[in-house]
>>> print(open('target.txt').read())   # compact mmCIF, C-alpha atoms
# COMPACT_ATOMS: atom_id res chain seq x y z
CA MET A 1 -7.34 -9.59 0.21
CA ASP A 2 -8.57 -6.77 2.36
CA GLU A 3 -11.65 -5.03 1.05
CA PHE A 4 -10.56 -2.41 -1.50
CA ALA A 5 -6.97 -3.15 -0.37
CA MET A 6 -7.59 -1.39 2.95
CA GLY A 7 -5.86 -3.34 5.68
CA SER A 8 -2.67 -5.08 6.71
CA SER A 9 -4.10 -8.48 7.60
CA THR A 10 -6.83 -9.55 5.08
CA GLU A 11 -9.28 -9.51 8.00
CA THR A 12 -11.39 -6.79 6.39
CA SER A 13 -12.20 -9.04 3.42
CA TYR A 14 -15.92 -9.46 2.78
CA PHE A 15 -15.19 -13.16 2.32
CA GLY A 16 -13.41 -13.56 5.66
CA PRO A 17 -9.75 -13.67 6.66
CA THR A 18 -6.97 -15.66 4.95
CA ALA A 19 -4.77 -17.85 7.17
CA ASN A 20 -0.97 -17.68 7.20
CA PRO A 21 0.44 -21.00 5.91
CA TRP A 22 3.17 -20.83 8.57
CA ASP A 23 0.63 -20.69 11.40
CA LEU A 24 -3.04 -20.98 10.61
CA GLU A 25 -3.99 -18.86 13.64
CA ARG A 26 -2.06 -15.91 12.27
CA VAL A 27 -2.72 -13.37 9.55
CA PRO A 28 -0.80 -13.57 6.25
CA GLY A 29 -0.36 -9.78 6.25
CA GLY A 30 -2.16 -7.52 3.86
CA SER A 31 -3.69 -6.22 1.93
CA SER A 32 -2.55 -8.72 -0.75
CA GLY A 33 -2.37 -11.49 1.86
CA GLY A 34 -4.08 -14.13 -0.28
CA SER A 35 -1.48 -13.60 -3.01
CA ALA A 36 1.39 -14.20 -0.57
CA ALA A 37 -0.35 -17.12 1.14
CA VAL A 38 -0.93 -19.08 -2.08
CA VAL A 39 2.70 -18.58 -3.11
CA ALA A 40 3.97 -19.63 0.35
CA ALA A 41 1.67 -22.67 0.37
CA GLY A 42 2.92 -23.77 -3.06
CA GLU A 43 -0.51 -23.36 -4.63
CA ALA A 44 0.80 -20.91 -7.25
CA PRO A 45 4.31 -20.09 -8.49
CA PHE A 46 3.57 -16.36 -8.89
CA ALA A 47 0.96 -13.90 -7.79
CA LEU A 48 0.25 -10.20 -8.22
CA GLY A 49 -0.54 -7.75 -5.49
CA SER A 50 -1.08 -4.00 -5.28
CA ASP A 51 1.15 -2.03 -2.92
CA THR A 52 -0.29 1.29 -1.72
CA GLY A 53 1.53 1.41 1.63
CA GLY A 54 3.10 -2.03 1.91
CA SER A 55 0.38 -4.35 0.66
CA VAL A 56 2.82 -6.50 -1.35
CA ARG A 57 5.82 -6.31 0.99
CA CYS A 58 3.97 -6.85 4.29
CA PRO A 59 2.37 -10.16 3.25
CA ALA A 60 5.64 -11.21 1.57
CA ALA A 61 7.42 -10.70 4.91
CA PHE A 62 4.71 -12.43 6.97
CA CYS A 63 4.52 -15.42 4.58
CA GLY A 64 8.26 -15.81 3.89
CA VAL A 65 8.12 -15.07 0.17
CA VAL A 66 9.56 -12.36 -2.07
CA GLY A 67 7.48 -9.29 -2.89
CA LEU A 68 8.49 -6.28 -4.97
CA LYS A 69 6.93 -2.84 -5.05
CA PRO A 70 8.29 -1.41 -8.30
CA THR A 71 9.00 2.27 -8.96
CA TYR A 72 5.75 4.25 -9.29
CA GLY A 73 4.68 4.19 -12.94
CA ILE A 74 6.66 1.12 -14.08
CA VAL A 75 3.67 -1.28 -14.08
CA SER A 76 0.31 -0.27 -15.53
CA ARG A 77 -2.54 0.15 -13.06
CA TYR A 78 -5.15 -0.23 -15.78
CA GLY A 79 -7.93 -2.50 -14.52
CA VAL A 80 -6.98 -2.08 -10.85
CA ILE A 81 -9.66 -0.44 -8.71
CA ALA A 82 -7.99 2.75 -7.48
CA TYR A 83 -7.55 3.13 -3.72
CA ALA A 84 -4.88 5.84 -3.50
CA ASN A 85 -3.64 6.34 -7.01
CA SER A 86 -0.67 8.61 -6.28
CA LEU A 87 0.83 5.89 -4.08
CA GLU A 88 -0.04 2.49 -5.44
CA GLN A 89 1.81 0.16 -7.75
CA VAL A 90 1.13 -3.39 -8.91
CA GLY A 91 3.89 -5.77 -7.85
CA PRO A 92 4.87 -9.43 -8.14
CA LEU A 93 5.10 -12.05 -5.37
CA ALA A 94 7.05 -15.30 -5.81
CA ASN A 95 9.20 -17.82 -3.96
CA ASN A 96 12.49 -16.44 -5.22
CA VAL A 97 14.04 -13.37 -6.82
CA ALA A 98 14.55 -15.02 -10.24
CA ASP A 99 10.80 -15.59 -10.52
CA ILE A 100 10.17 -11.95 -9.55
CA ALA A 101 12.48 -10.80 -12.38
CA ILE A 102 10.73 -13.10 -14.87
CA LEU A 103 7.33 -11.73 -13.87
CA MET A 104 8.58 -8.13 -14.05
CA ASP A 105 9.75 -8.75 -17.62
CA VAL A 106 6.13 -9.67 -18.39
CA ILE A 107 4.16 -7.00 -16.51
CA ALA A 108 6.37 -3.88 -16.71
CA GLY A 109 6.14 -1.45 -19.59
CA TYR A 110 4.25 1.48 -21.02
CA ASP A 111 0.44 1.43 -21.19
CA ARG A 112 -1.37 4.45 -22.64
CA ARG A 113 -4.48 3.46 -20.67
CA ASP A 114 -2.70 4.43 -17.43
CA SER A 115 -1.89 8.15 -17.50
CA THR A 116 0.88 7.64 -14.90
CA SER A 117 2.59 4.95 -16.96
CA ILE A 118 6.27 5.59 -17.63
CA ASP A 119 7.91 4.47 -20.86
CA ARG A 120 11.16 2.81 -19.85
CA LYS A 121 12.45 -0.52 -21.08
CA ILE A 122 14.37 -2.57 -18.53
CA ALA A 123 15.44 -6.22 -18.87
CA TYR A 124 14.89 -7.38 -15.31
CA GLN A 125 16.47 -10.81 -15.59
CA LYS A 126 19.80 -9.08 -16.25
CA ALA A 127 19.80 -8.30 -12.53
CA LEU A 128 20.25 -11.94 -11.58
CA VAL A 129 23.94 -11.64 -10.80
CA ASN A 130 25.57 -12.95 -7.64
CA ASP A 131 27.67 -9.90 -6.79
CA VAL A 132 27.34 -7.02 -4.34
CA LYS A 133 31.00 -6.01 -4.17
CA GLY A 134 31.37 -2.28 -3.69
CA LEU A 135 27.66 -1.65 -3.09
CA LYS A 136 27.05 1.10 -0.55
CA ILE A 137 24.21 0.33 1.85
CA GLY A 138 22.58 2.91 4.12
CA ILE A 139 20.87 1.77 7.31
CA PRO A 140 18.19 4.32 8.25
CA LYS A 141 18.03 4.14 12.03
CA GLU A 142 14.46 5.49 12.08
CA PHE A 143 13.28 2.12 10.68
CA PHE A 144 14.51 0.39 13.83
CA GLY A 145 12.23 2.35 16.14
CA GLU A 146 10.61 1.42 19.43
CA GLY A 147 8.36 -1.61 19.37
CA ILE A 148 10.56 -3.56 16.97
CA HIS A 149 10.77 -7.28 17.84
CA PRO A 150 14.34 -8.15 19.03
CA ASP A 151 14.54 -11.18 16.72
CA VAL A 152 13.52 -9.02 13.75
CA GLU A 153 16.22 -6.51 14.58
CA LYS A 154 18.78 -9.32 15.00
CA ALA A 155 17.86 -11.04 11.72
CA VAL A 156 18.09 -7.77 9.78
CA TRP A 157 21.49 -6.90 11.27
CA ASN A 158 22.73 -10.43 10.53
CA SER A 159 21.69 -9.84 6.92
CA ILE A 160 23.55 -6.53 6.78
CA HIS A 161 26.67 -8.25 8.09
CA LYS A 162 26.17 -10.96 5.48
CA TYR A 163 26.25 -8.26 2.78
CA GLU A 164 29.39 -6.88 4.36
CA SER A 165 31.05 -10.32 4.16
CA LEU A 166 30.08 -10.42 0.48
CA GLY A 167 31.91 -7.19 -0.27
CA ALA A 168 29.31 -4.44 0.32
CA THR A 169 29.82 -1.61 2.78
CA TRP A 170 27.25 -0.13 5.15
CA GLU A 171 26.79 2.96 7.25
CA GLU A 172 23.98 4.29 9.39
CA VAL A 173 22.01 7.22 8.01
CA SER A 174 19.39 9.48 9.57
CA MET A 175 16.07 10.26 7.87
CA PRO A 176 14.53 12.64 10.42
CA ASN A 177 11.13 13.08 8.74
CA ILE A 178 10.33 9.37 8.58
CA LYS A 179 8.54 9.61 11.91
CA TYR A 180 5.87 11.76 10.24
CA ALA A 181 5.52 9.47 7.21
CA LEU A 182 2.81 7.19 8.61
CA ALA A 183 0.41 10.02 9.45
CA SER A 184 1.11 11.76 6.15
CA TYR A 185 0.61 8.49 4.27
CA TYR A 186 -2.73 7.71 5.90
CA ILE A 187 -4.12 11.20 5.37
CA ILE A 188 -3.18 11.13 1.67
CA ALA A 189 -4.37 7.54 1.14
CA MET A 190 -7.70 8.14 2.87
CA SER A 191 -8.28 11.42 1.06
CA GLU A 192 -7.63 9.84 -2.32
CA ALA A 193 -9.76 6.84 -1.35
CA SER A 194 -12.73 9.02 -0.41
CA SER A 195 -12.59 10.52 -3.88
CA ASN A 196 -11.81 7.30 -5.79
CA LEU A 197 -14.54 5.26 -4.14
CA ALA A 198 -17.18 7.89 -4.92
CA ARG A 199 -17.69 5.99 -8.17
CA PHE A 200 -19.35 3.19 -6.19
CA ASP A 201 -22.72 4.90 -6.14
CA GLY A 202 -24.93 2.07 -7.42
CA THR A 203 -25.52 3.79 -10.74
CA ARG A 204 -23.46 2.06 -13.41
CA TYR A 205 -22.39 -1.23 -11.86
CA GLY A 206 -22.41 -3.25 -8.68
CA PHE A 207 -24.89 -3.36 -5.87
CA ARG A 208 -27.80 -0.90 -5.61
CA GLU A 209 -30.20 -0.33 -2.71
CA ASN A 210 -33.37 1.47 -3.74
CA GLY A 211 -34.18 4.88 -2.32
CA GLU A 212 -36.86 7.51 -2.83
CA ASN A 213 -34.44 9.88 -4.52
CA TRP A 214 -30.87 9.98 -5.85
CA ASN A 215 -29.16 10.90 -2.57
CA ALA A 216 -31.11 8.32 -0.58
CA MET A 217 -30.33 5.62 -3.13
CA VAL A 218 -26.60 6.39 -3.09
CA SER A 219 -26.38 6.76 0.70
CA LYS A 220 -28.20 3.47 1.33
CA THR A 221 -26.24 1.64 -1.37
CA ARG A 222 -22.92 2.73 0.13
CA ALA A 223 -24.04 2.06 3.72
CA GLU A 224 -25.02 -1.48 2.80
CA SER A 225 -22.14 -2.43 0.51
CA PHE A 226 -18.96 -0.97 2.07
CA GLY A 227 -17.32 -2.73 5.03
CA THR A 228 -16.57 -0.92 8.29
CA GLU A 229 -12.89 -0.23 7.62
CA VAL A 230 -13.63 1.12 4.14
CA LYS A 231 -16.28 3.43 5.62
CA ARG A 232 -13.87 4.61 8.32
CA ARG A 233 -11.28 5.54 5.70
CA ILE A 234 -13.83 7.27 3.49
CA PHE A 235 -15.06 9.23 6.53
CA LEU A 236 -11.53 10.25 7.53
CA GLY A 237 -10.63 11.13 3.95
CA THR A 238 -13.81 13.12 3.46
CA TYR A 239 -13.10 14.99 6.69
CA ALA A 240 -9.47 15.68 5.68
CA LEU A 241 -10.66 17.18 2.40
CA SER A 242 -13.65 19.08 3.75
CA ALA A 243 -13.95 22.85 3.96
CA GLY A 244 -11.98 24.13 6.94
CA TYR A 245 -9.82 21.03 7.36
CA HIS A 246 -8.22 20.66 3.91
CA ASP A 247 -5.17 22.76 4.81
CA LYS A 248 -4.77 21.28 8.30
CA TYR A 249 -4.79 17.67 7.11
CA TYR A 250 -4.57 17.07 3.36
CA LEU A 251 -2.31 19.95 2.34
CA LYS A 252 -0.16 19.44 5.45
CA ALA A 253 0.26 15.76 4.58
CA LEU A 254 1.32 16.62 1.02
CA LYS A 255 3.94 19.04 2.34
CA ILE A 256 5.27 16.39 4.70
CA ARG A 257 5.37 14.03 1.75
CA THR A 258 7.85 16.48 0.20
CA LEU A 259 10.04 16.33 3.32
CA VAL A 260 9.92 12.52 3.42
CA LYS A 261 10.82 12.36 -0.25
CA GLN A 262 13.75 14.72 0.37
CA ASP A 263 14.97 12.36 3.11
CA PHE A 264 15.00 9.54 0.56
CA ASP A 265 16.67 11.75 -2.08
CA ARG A 266 19.45 12.66 0.35
CA ALA A 267 20.00 9.12 1.63
CA LEU A 268 19.91 7.57 -1.85
CA ALA A 269 22.34 10.17 -3.18
CA LYS A 270 24.89 8.83 -0.72
CA PHE A 271 24.02 5.11 -0.86
CA ASP A 272 23.06 2.63 -3.60
CA LEU A 273 20.48 0.95 -1.38
CA LEU A 274 18.81 1.29 2.00
CA MET A 275 18.04 -1.73 4.18
CA ALA A 276 15.58 -2.10 7.03
CA PRO A 277 13.04 -4.53 8.49
CA THR A 278 9.95 -4.82 6.27
CA MET A 279 7.68 -5.25 9.30
CA PRO A 280 8.65 -4.42 12.88
CA ASN A 281 7.08 -7.68 14.07
CA PRO A 282 6.29 -11.15 12.73
CA ALA A 283 2.73 -12.10 11.72
CA PHE A 284 0.22 -11.38 14.49
CA LYS A 285 -2.79 -13.46 15.47
CA ILE A 286 -6.09 -13.25 13.62
CA GLY A 287 -8.32 -10.93 15.65
CA GLU A 288 -5.44 -9.39 17.62
CA LYS A 289 -5.46 -5.92 16.05
CA ILE A 290 -8.61 -5.63 14.01
CA GLU A 291 -10.68 -3.92 16.72
CA ASP A 292 -8.29 -0.99 17.00
CA PRO A 293 -7.65 0.62 13.61
CA LEU A 294 -4.78 2.82 14.82
CA THR A 295 -2.79 -0.19 16.11
CA LEU A 296 -3.23 -1.88 12.76
CA TYR A 297 -2.17 1.28 10.89
CA LEU A 298 1.03 1.49 12.98
CA SER A 299 2.21 -1.85 11.61
CA ASP A 300 2.76 -0.13 8.23
CA VAL A 301 5.36 2.21 9.73
CA ASN A 302 8.32 0.81 7.70
CA THR A 303 6.54 0.17 4.42
CA CYS A 304 4.40 3.26 3.77
CA PRO A 305 7.26 5.84 3.66
CA ILE A 306 8.51 4.11 0.49
CA ASN A 307 5.19 4.75 -1.31
CA LEU A 308 5.37 8.46 -0.43
CA ALA A 309 8.73 8.61 -2.24
CA GLY A 310 7.73 6.27 -5.09
CA VAL A 311 11.01 4.35 -4.96
CA PRO A 312 11.30 0.58 -5.53
CA SER A 313 11.50 -1.78 -2.57
CA ILE A 314 11.62 -5.54 -2.16
CA SER A 315 10.98 -7.79 0.83
CA ILE A 316 12.92 -11.05 1.07
CA SER A 317 13.03 -13.71 3.75
CA CYS A 318 15.98 -13.23 6.14
CA GLY A 319 15.27 -15.36 9.21
CA PHE A 320 12.67 -16.82 11.54
CA THR A 321 11.32 -16.25 15.02
CA ASP A 322 9.25 -18.98 16.65
CA GLY A 323 8.69 -20.57 13.24
CA LEU A 324 7.50 -17.29 11.64
CA PRO A 325 9.34 -15.64 8.74
CA ILE A 326 11.08 -12.27 9.00
CA GLY A 327 11.35 -9.90 6.03
CA LEU A 328 14.36 -7.81 5.02
CA GLN A 329 13.41 -4.71 3.07
CA ILE A 330 15.80 -3.47 0.37
CA ILE A 331 15.01 0.00 -0.96
CA GLY A 332 16.52 1.46 -4.13
CA LYS A 333 16.64 4.65 -6.17
CA LEU A 334 13.86 5.51 -8.60
CA PHE A 335 13.98 3.16 -11.61
CA GLU A 336 16.91 1.20 -10.17
CA GLU A 337 15.08 -2.07 -9.68
CA LEU A 338 18.09 -3.84 -11.17
CA THR A 339 20.27 -2.93 -8.19
CA VAL A 340 17.51 -3.92 -5.76
CA LEU A 341 17.01 -7.27 -7.51
CA ARG A 342 20.75 -7.93 -7.76
CA ALA A 343 21.21 -7.39 -4.01
CA ALA A 344 18.20 -9.60 -3.22
CA TYR A 345 19.39 -12.30 -5.62
CA THR A 346 22.89 -12.28 -4.14
CA PHE A 347 21.47 -12.72 -0.63
CA GLU A 348 19.47 -15.73 -1.83
CA GLN A 349 22.50 -17.29 -3.50
CA ASN A 350 24.41 -17.10 -0.23
CA THR A 351 21.70 -18.07 2.29
CA ASP A 352 18.93 -20.68 2.42
CA TYR A 353 16.02 -18.82 4.06
CA HIS A 354 14.11 -18.66 0.78
CA THR A 355 14.19 -22.45 0.45
CA LYS A 356 12.31 -22.98 3.73
CA ARG A 357 8.66 -23.93 3.48
CA PRO A 358 5.85 -23.82 6.04
CA LEU A 359 5.98 -26.75 8.50
CA GLU A 360 9.71 -27.23 7.90
CA VAL A 361 10.83 -24.58 10.37
CA ALA A 362 10.36 -25.44 14.02
CA MET B 363 -12.16 16.41 18.43
CA ILE B 364 -15.09 15.60 16.20
CA THR B 365 -18.59 15.32 17.61
CA LYS B 366 -21.50 13.05 16.78
CA GLU B 367 -22.93 15.90 14.70
CA ASP B 368 -19.65 16.14 12.74
CA VAL B 369 -19.84 12.42 12.01
CA GLU B 370 -23.40 12.90 10.74
CA HIS B 371 -22.25 15.75 8.49
CA ILE B 372 -19.31 13.71 7.11
CA GLY B 373 -21.70 10.83 6.42
CA TRP B 374 -23.83 13.22 4.37
CA LEU B 375 -20.80 14.56 2.45
CA ALA B 376 -19.63 11.00 1.75
CA ARG B 377 -23.18 9.81 0.97
CA ILE B 378 -23.04 6.93 3.46
CA ASP B 379 -25.98 6.43 5.84
CA ILE B 380 -25.00 5.53 9.41
CA ASN B 381 -27.14 4.50 12.37
CA GLU B 382 -26.98 5.84 15.93
CA GLN B 383 -24.65 3.11 17.16
CA GLU B 384 -22.25 3.63 14.25
CA LYS B 385 -22.20 7.38 14.91
CA VAL B 386 -20.84 6.85 18.41
CA GLU B 387 -18.44 4.15 17.32
CA PHE B 388 -17.13 6.18 14.38
CA MET B 389 -16.73 9.26 16.57
CA GLU B 390 -14.49 7.36 19.00
CA LYS B 391 -12.35 5.56 16.43
CA LEU B 392 -12.01 8.56 14.12
CA ASN B 393 -10.97 10.76 17.04
CA SER B 394 -8.20 8.37 18.05
CA VAL B 395 -6.83 8.41 14.48
CA LEU B 396 -7.21 12.22 14.20
CA GLU B 397 -5.33 12.62 17.47
CA TYR B 398 -2.48 10.62 15.94
CA PHE B 399 -2.59 12.80 12.79
CA GLY B 400 -2.29 15.85 15.06
CA GLN B 401 1.43 15.14 15.56
CA LEU B 402 2.02 16.69 12.12
CA ASP B 403 1.26 20.10 13.61
CA GLU B 404 4.63 20.15 15.38
CA LEU B 405 6.47 20.34 12.05
CA PRO B 406 6.53 23.83 10.47
CA THR B 407 5.73 23.51 6.74
CA GLU B 408 4.80 27.05 5.74
CA TYR B 409 7.36 27.27 2.94
CA ILE B 410 7.28 23.66 1.79
CA ILE B 411 5.83 22.86 -1.65
CA PRO B 412 3.30 20.00 -1.54
CA THR B 413 4.01 16.76 -3.44
CA TYR B 414 0.88 15.43 -5.15
CA HIS B 415 2.66 12.57 -6.88
CA VAL B 416 6.22 11.55 -7.67
CA ALA B 417 6.05 10.59 -11.35
CA GLU B 418 7.63 13.31 -13.44
CA ILE B 419 4.74 13.32 -15.86
CA TYR B 420 2.77 16.43 -16.70
CA ASN B 421 -0.25 16.83 -18.98
CA VAL B 422 -0.70 13.52 -20.74
CA PHE B 423 -2.41 14.42 -24.02
CA ARG B 424 -3.37 12.44 -27.08
CA GLU B 425 -4.23 13.51 -30.61
CA ASP B 426 -7.76 14.90 -30.85
CA VAL B 427 -9.13 12.13 -33.02
CA ILE B 428 -12.05 9.82 -32.37
CA GLU B 429 -10.90 6.45 -31.09
CA GLU B 430 -12.77 3.23 -30.60
CA CYS B 431 -14.58 3.07 -27.28
CA LEU B 432 -16.69 0.53 -25.42
CA PRO B 433 -19.96 -0.40 -27.15
CA GLN B 434 -23.14 0.74 -25.39
CA GLU B 435 -24.35 -2.77 -24.51
CA ILE B 436 -21.05 -3.55 -22.75
CA VAL B 437 -21.19 -0.31 -20.76
CA LEU B 438 -24.73 -1.14 -19.65
CA ALA B 439 -24.00 -4.84 -19.00
CA ASN B 440 -23.23 -4.50 -15.29
CA THR B 441 -26.50 -3.00 -14.13
CA GLU B 442 -30.11 -4.11 -14.24
CA TYR B 443 -31.25 -0.46 -14.01
CA LYS B 444 -31.23 0.71 -17.63
CA GLN B 445 -33.67 2.21 -20.10
CA ASP B 446 -33.36 3.30 -23.75
CA GLY B 447 -29.57 2.96 -23.72
CA THR B 448 -29.13 4.95 -20.50
CA PHE B 449 -28.68 4.26 -16.78
CA ARG B 450 -31.93 4.67 -14.84
CA VAL B 451 -31.74 6.38 -11.43
CA PRO B 452 -34.34 7.77 -9.03
CA LYS B 453 -35.20 11.47 -9.28
CA ILE B 454 -32.55 13.89 -8.08
CA GLY B 455 -33.26 15.76 -4.82
>>> encode(input="target.txt", output="structure tokens")
Amino acid sequence: MDEFAMGSSTETSYFGPTANPWDLERVPGGSSGGSAAVVAAGEAPFALGSDTGGSVRCPAAFCGVVGLKPTYGIVSRYGVIAYANSLEQVGPLANNVADIAILMDVIAGYDRRDSTSIDRKIAYQKALVNDVKGLKIGIPKEFFGEGIHPDVEKAVWNSIHKYESLGATWEEVSMPNIKYALASYYIIAMSEASSNLARFDGTRYGFRENGENWNAMVSKTRAESFGTEVKRRIFLGTYALSAGYHDKYYLKALKIRTLVKQDFDRALAKFDLLMAPTMPNPAFKIGEKIEDPLTLYLSDVNTCPINLAGVPSISISCGFTDGLPIGLQIIGKLFEELTVLRAAYTFEQNTDYHTKRPLEVA
Amino acid sequence: MITKEDVEHIGWLARIDINEQEKVEFMEKLNSVLEYFGQLDELPTEYIIPTYHVAEIYNVFREDVIEECLPQEIVLANTEYKQDGTFRVPKIG
């Protein structure tokens, strides 16, 4: 995985990048890319990831597996090193929706050791029903923005038409503030990260570099032990929270979060589900984007708005382009994982994309 | 736009030492991201209430009774810098 879950490709890992089982020259997505890669390669039936801005769904899409980001608070974060705690959720990855439901039945539930844990009992396997008749699907046009790969767009629309043939209805919907979601997301995530990672000061655990006094010890320890991308995000987060810039960046981002959330509230009041591409493009080559952080950040454009709103979202395989998987993202209302899982399960029962394995697709 | 001096100051606030080469590199890459963040300015938000998190949970309290906590040797197990049941650090300042 990417170091401290900061990345969309696993290339920032201290231990080196993970390869995508579909094409070893490409990234598996990130940050939980290793989790998706082992599931896609058949090395493990299930895996867990943490999704702060798409870190379960992006690798699920790039590796052709299923990945769920549950509603914020449904799965305990106890034991997970916090990156951006107001955004992140632990989520399952597996080869099919039934396995996702089984894993959710195990990991979801109240935990007093996580102060954001929500006490709500849901039997996830009840969602495994092959029926979408009467479901109302909204298609937010802002998720089909410029730069989207034509095959991705085609595969997602084919999926929507598949749902229509199975008895669901769809309509386009506008979510005008989505275009500001990425910037808002990154400001919030980096600000929270700069605070959360302050605990890595060499005092109580982990690496320590000696210094002549406390500040020197901490500054050298952190210089030596954090990777470049982690430092960049801590720097940006520190700046966004610093005197004179807090209102311009951090507070502004939190206000925009409100507007983005309102977009979701409005759209999900009208529709049962929203559907969109998980990633605008298929898996890119190792080394292609890592030198330019902004380009890499932009690849999270369709996944990070969901974390701002806290709603559940799943990525399932819905097609291929040049032998690389394409992910369909299905977004639901808060705590309505059952509807999300039912729609995903129904798609699987009526298509065969999820049965494809690396090396089988030309 | 942030300058090399700003980068130095942020490094101090974040307690991360950076060398001369990193200062220049950070300045360039941080500025390109900050320029992107600047697009938020076009949206008026004066009367919008900020959202800090979306879980409708407020003030998670527990009864004020002593509960079991981690034993001292476990807490100190992950560092070699310890003394008399405490963490040892260099002098402050």
>>> residues_near_point(input="target.txt", point="(-5.2, 6.5, -5.2)", cutoff="7 Å", atoms="all atoms listed in the file", output="list in words")
Ala82, Tyr83, Ala84, Asn85, Ser86, Leu87, Glu88, Ala189, Glu192, Ala193 and Asn196 of chain A
>>> atom_distance(input="target.txt", atom1="CA of Leu392 (chain B)", atom2="CA of Phe235 (chain A)")
8.2 Å
>>> atom_distance(input="target.txt", atom1="CA of Leu328 (chain A)", atom2="CA of Ala61 (chain A)")
7.5 Å
>>> interface_residues(input="target.txt", of="chain B", to="chain A", cutoff="7 Å", atoms="all atoms listed in the file", output="compact mmCIF listing (two decimals) with C-alpha atoms, keeping the file's coordinate frame")
# COMPACT_ATOMS: atom_id res chain seq x y z
CA ILE B 372 -19.31 13.71 7.11
CA GLY B 373 -21.70 10.83 6.42
CA ALA B 376 -19.63 11.00 1.75
CA ARG B 377 -23.18 9.81 0.97
CA ILE B 378 -23.04 6.93 3.46
CA ASP B 379 -25.98 6.43 5.84
CA ILE B 380 -25.00 5.53 9.41
CA LEU B 392 -12.01 8.56 14.12
CA VAL B 395 -6.83 8.41 14.48
CA PHE B 399 -2.59 12.80 12.79
CA LEU B 402 2.02 16.69 12.12
CA THR B 407 5.73 23.51 6.74
CA ILE B 410 7.28 23.66 1.79
CA ILE B 411 5.83 22.86 -1.65
CA PRO B 412 3.30 20.00 -1.54
CA THR B 413 4.01 16.76 -3.44
CA TYR B 414 0.88 15.43 -5.15
CA HIS B 415 2.66 12.57 -6.88
CA VAL B 416 6.22 11.55 -7.67
CA ALA B 417 6.05 10.59 -11.35
CA ILE B 419 4.74 13.32 -15.86
CA VAL B 422 -0.70 13.52 -20.74
CA ASN B 440 -23.23 -4.50 -15.29
CA THR B 441 -26.50 -3.00 -14.13
CA PHE B 449 -28.68 4.26 -16.78
CA VAL B 451 -31.74 6.38 -11.43
CA PRO B 452 -34.34 7.77 -9.03
CA LYS B 453 -35.20 11.47 -9.28
CA ILE B 454 -32.55 13.89 -8.08
CA GLY B 455 -33.26 15.76 -4.82
>>> closest_residue(input="target.txt", among="A:Phe15, A:Glu25, A:Met279, A:Lys136", to="Ser55 (chain A)", atoms="all atoms listed in the file")
A:Met279
>>> atom_distance(input="target.txt", atom1="CA of Pro45 (chain A)", atom2="CA of Asp151 (chain A)")
28.6 Å
>>> closest_residue(input="target.txt", among="A:Val301, A:Val38, A:Ala344, A:Val97", to="Gly147 (chain A)", atoms="only C-alpha atoms")
A:Val301
>>> residues_near_point(input="target.txt", point="(32.6, -8.6, -2.0)", cutoff="9 Å", atoms="all atoms listed in the file", output="ChimeraX atom specification")
/A:131-135,163-169
>>> residues_around(input="target.txt", residues="Gly30 (chain A)", least_positions_apart="5", cutoff="10 Å", atoms="only C-alpha atoms", output="list in words")
Met1, Asp2, Ala5, Met6, Gly7, Ser8, Ser9, Thr10, Glu11, Thr12, Thr18, Ser35, Ala36, Gly49, Ser50, Asp51, Gly53, Gly54, Ser55, Val56, Arg57, Cys58, Pro59, Ala60, Phe62 and Asp300 of chain A
>>> residues_around(input="target.txt", residues="Asp446 (chain B)", least_positions_apart="4", cutoff="12 Å", atoms="all atoms listed in the file", output="PyMOL selection string")
chain B and resi 434-435+438+450
>>> build_atoms(input="target.txt", residues="region 383-391 of chain B", atoms="N, CA and C atoms", output="PDB file, in the coordinates of the input")
ATOM      1  N   GLN B 383     -25.763   3.844  16.555  1.00  0.00           N
ATOM      2  CA  GLN B 383     -24.650   3.110  17.160  1.00  0.00           C
ATOM      3  C   GLN B 383     -23.350   3.368  16.406  1.00  0.00           C
ATOM      4  N   GLU B 384     -23.441   3.380  15.071  1.00  0.00           N
ATOM      5  CA  GLU B 384     -22.250   3.630  14.250  1.00  0.00           C
ATOM      6  C   GLU B 384     -21.712   5.043  14.476  1.00  0.00           C
ATOM      7  N   LYS B 385     -22.641   5.994  14.696  1.00  0.00           N
ATOM      8  CA  LYS B 385     -22.200   7.380  14.910  1.00  0.00           C
ATOM      9  C   LYS B 385     -21.271   7.473  16.108  1.00  0.00           C
ATOM     10  N   VAL B 386     -21.646   6.816  17.197  1.00  0.00           N
ATOM     11  CA  VAL B 386     -20.840   6.850  18.410  1.00  0.00           C
ATOM     12  C   VAL B 386     -19.516   6.120  18.189  1.00  0.00           C
ATOM     13  N   GLU B 387     -19.623   4.954  17.565  1.00  0.00           N
ATOM     14  CA  GLU B 387     -18.440   4.150  17.320  1.00  0.00           C
ATOM     15  C   GLU B 387     -17.457   4.880  16.383  1.00  0.00           C
ATOM     16  N   PHE B 388     -17.974   5.452  15.327  1.00  0.00           N
ATOM     17  CA  PHE B 388     -17.130   6.180  14.380  1.00  0.00           C
ATOM     18  C   PHE B 388     -16.472   7.372  15.066  1.00  0.00           C
ATOM     19  N   MET B 389     -17.260   8.068  15.887  1.00  0.00           N
ATOM     20  CA  MET B 389     -16.730   9.260  16.570  1.00  0.00           C
ATOM     21  C   MET B 389     -15.496   8.871  17.395  1.00  0.00           C
ATOM     22  N   GLU B 390     -15.611   7.780  18.144  1.00  0.00           N
ATOM     23  CA  GLU B 390     -14.490   7.360  19.000  1.00  0.00           C
ATOM     24  C   GLU B 390     -13.275   6.953  18.176  1.00  0.00           C
ATOM     25  N   LYS B 391     -13.501   6.090  17.180  1.00  0.00           N
ATOM     26  CA  LYS B 391     -12.350   5.560  16.430  1.00  0.00           C
ATOM     27  C   LYS B 391     -11.731   6.642  15.537  1.00  0.00           C
TER      28      LYS B 391
END
